[in-house]
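Report on one structure; see the data block that follows.
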Amino acid sequence: MIIKGLSVVITGGLTITGRTVAEELLIRQAKVVLIDDELSAGKAIEIVTELVNTYQPENVIFVPCSFTTKKEINDGFERAKRFLGGMDVLINAMGIIDEDDWENMMEVNVMGMIRCCYAALDNMSLLKGGSGGVIINTSTLAGLVASPLPAYCSSKHAIVGFSKSLPRVPEFNKHGIRINCVCLELNSSESAASIKCDNPAFTVAENAVANRLETFLKSVTPLSQFRAAEGYTQLIEDDTKSGTVMRITQDQGIEYQLQRKGSVR
């Protein structure tokens with residue numbers, strides 16, 4: 001798939017990862033819609049103004065949208081499709097860390113991601129008049145291993161599992177859509193929200209939990225967002241990749257998780 005001329009929707013478009021990927025795609029002459037929570041709409045003005053001034057208003061807009069309701073997501077995608085004239089690529093880059101309000105975190109990280117994927121199918125599927133395309137979901141290394149943030153880690157495993165499993169549905173290839181997953185070493189699109197001692201799993205003081213997270217983040221080599229953007233563009237361009245999990249770290253660069261044959265019966 002050639003990036004030039006593609007119509008791209010990026011959820012979590014105001015995050016560092018979302019913005020970096022958007023700019024890389026705009027440089028390559030794609031059209032981009034940034035979708036993010038309406039609470040982020042204030043900073044959208046500055047970000048989108050800068051992008052519009054650089055890449056022209058006909059190539060990029062911002063659409064506010066909550067990821068916790070199906071109606072808002074469908075409405076947001078409809079606005080995006082009207083601007084783009086169609087939809088070729090969905091990049092899901094939204095996500096939060098909040099072990100205290102873990103139910104809301106699951107709603108955004110898992111339910112929101114799945115809602116966006118199904119909304120993309122409605123707009124991109126060959127069976128529904130679309131042109132097919134590619135979906136790329138964003139997880140972290142916490143989606144591949146265990147971590148001391150259990151709810152967050154579970155949400156990231158869910159993203160990986162969904163991305164690997166959807167292409168295994170026998171009828172899925174009729175949609176003409178590929179779906180892949182990127183696991184980032186340090187996903188700057190995540191916001192470290194409050195982790196309070198209200199969570200029964202954490203029996204230490206609130207500050208100690210926050211310090212634990214801060215220590216963990218400082219221990220990780222910051223991932224170059226430009227290296228991350230390279231991974232996303234690679235998955236867009238490579239038509240052979242579907243159900244693929246890409247791992248991106250600062251030290252090792254881009255790697256692919258080995259595919260295991262077989263399925264749960």
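By order in the structure tokens, chains are A, B, ...; within a chain, residues start at 1; ligands start at 1, following the order shown.
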Go through range 82-186 of chain A residue by residue and, counting only C-alpha atoms, keep those with an atom at most 6 Å from range 242-254 of chain A; for each kept residue give the shortest atom pair and its distance in Å to one decimal, ordered by chain and increasing number, as a Markdown table.
```
| residue | atom | partner | partner_atom | distance |
| --- | --- | --- | --- | --- |
| A:Ser163 | CA | A:Gly243 | CA | 5.9 |
| A:Lys164 | CA | A:Gly243 | CA | 4.4 |
| A:Pro167 | CA | A:Gly243 | CA | 5.8 |
| A:Arg178 | CA | A:Ser242 | CA | 4.9 |
| A:Ile179 | CA | A:Ser242 | CA | 5.1 |
| A:Asn180 | CA | A:Thr244 | CA | 4.9 |
| A:Cys181 | CA | A:Val245 | CA | 4.8 |
| A:Val182 | CA | A:Met246 | CA | 4.8 |
| A:Cys183 | CA | A:Arg247 | CA | 4.8 |
| A:Leu184 | CA | A:Ile248 | CA | 5.1 |
| A:Glu185 | CA | A:Thr249 | CA | 4.9 |
```
Out of A:Leu14, A:Leu166, A:Val134, A:Leu34, which residue has the shortest atom-to-atom distance to Met87 in chain A when counting only C-alpha atoms?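 Of all the options, A:Val134 lies closest to Met87 in chain A.
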Tell me which protein, DNA and RNA residues are within 10 Å of Leu127 in chain A, counting only C-alpha atoms, leaving out same-chain ones fewer than 4 positions away, and put them as a tab-separated table (two decimals) with N, CA, C and O atoms, in the first residue's frame.
```
chain	number	residue	atom	x	y	z
A	121	LEU	N	-14.31	-1.00	10.33
A	121	LEU	CA	-14.82	-2.04	9.44
A	121	LEU	C	-16.07	-1.56	8.70
A	121	LEU	O	-16.23	-1.80	7.50
A	122	ASP	N	-16.94	-0.85	9.41
A	122	ASP	CA	-18.16	-0.34	8.77
A	122	ASP	C	-17.84	0.64	7.65
A	122	ASP	O	-18.59	0.76	6.69
A	123	ASN	N	-16.74	1.37	7.79
A	123	ASN	CA	-16.40	2.40	6.81
A	123	ASN	C	-15.41	1.94	5.74
A	123	ASN	O	-15.35	2.54	4.66
A	131	SER	N	-13.05	0.49	0.40
A	131	SER	CA	-11.94	0.07	-0.46
A	131	SER	C	-10.97	-0.86	0.26
A	131	SER	O	-9.89	-1.15	-0.26
A	132	GLY	N	-11.36	-1.32	1.48
A	132	GLY	CA	-10.42	-2.11	2.27
A	132	GLY	C	-9.39	-1.21	2.92
A	132	GLY	O	-9.53	0.02	2.91
A	174	LYS	N	-12.70	-11.36	3.81
A	174	LYS	CA	-13.64	-10.84	2.81
A	174	LYS	C	-13.78	-9.32	2.92
A	174	LYS	O	-14.23	-8.68	1.98
A	175	HIS	N	-13.40	-8.76	4.08
A	175	HIS	CA	-13.49	-7.31	4.26
A	175	HIS	C	-12.39	-6.56	3.51
A	175	HIS	O	-12.50	-5.36	3.28
A	176	GLY	N	-11.31	-7.26	3.18
A	176	GLY	CA	-10.19	-6.59	2.51
A	176	GLY	C	-9.40	-5.69	3.45
A	176	GLY	O	-8.77	-4.71	3.02
```
From the list A:Val63, A:Ile73, A:Val89, A:Ile27, which residue is nearest Val9 in chain A when using only C-alpha atoms?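 Ranked by minimum distance to Val9 in chain A, first place goes to A:Val89.
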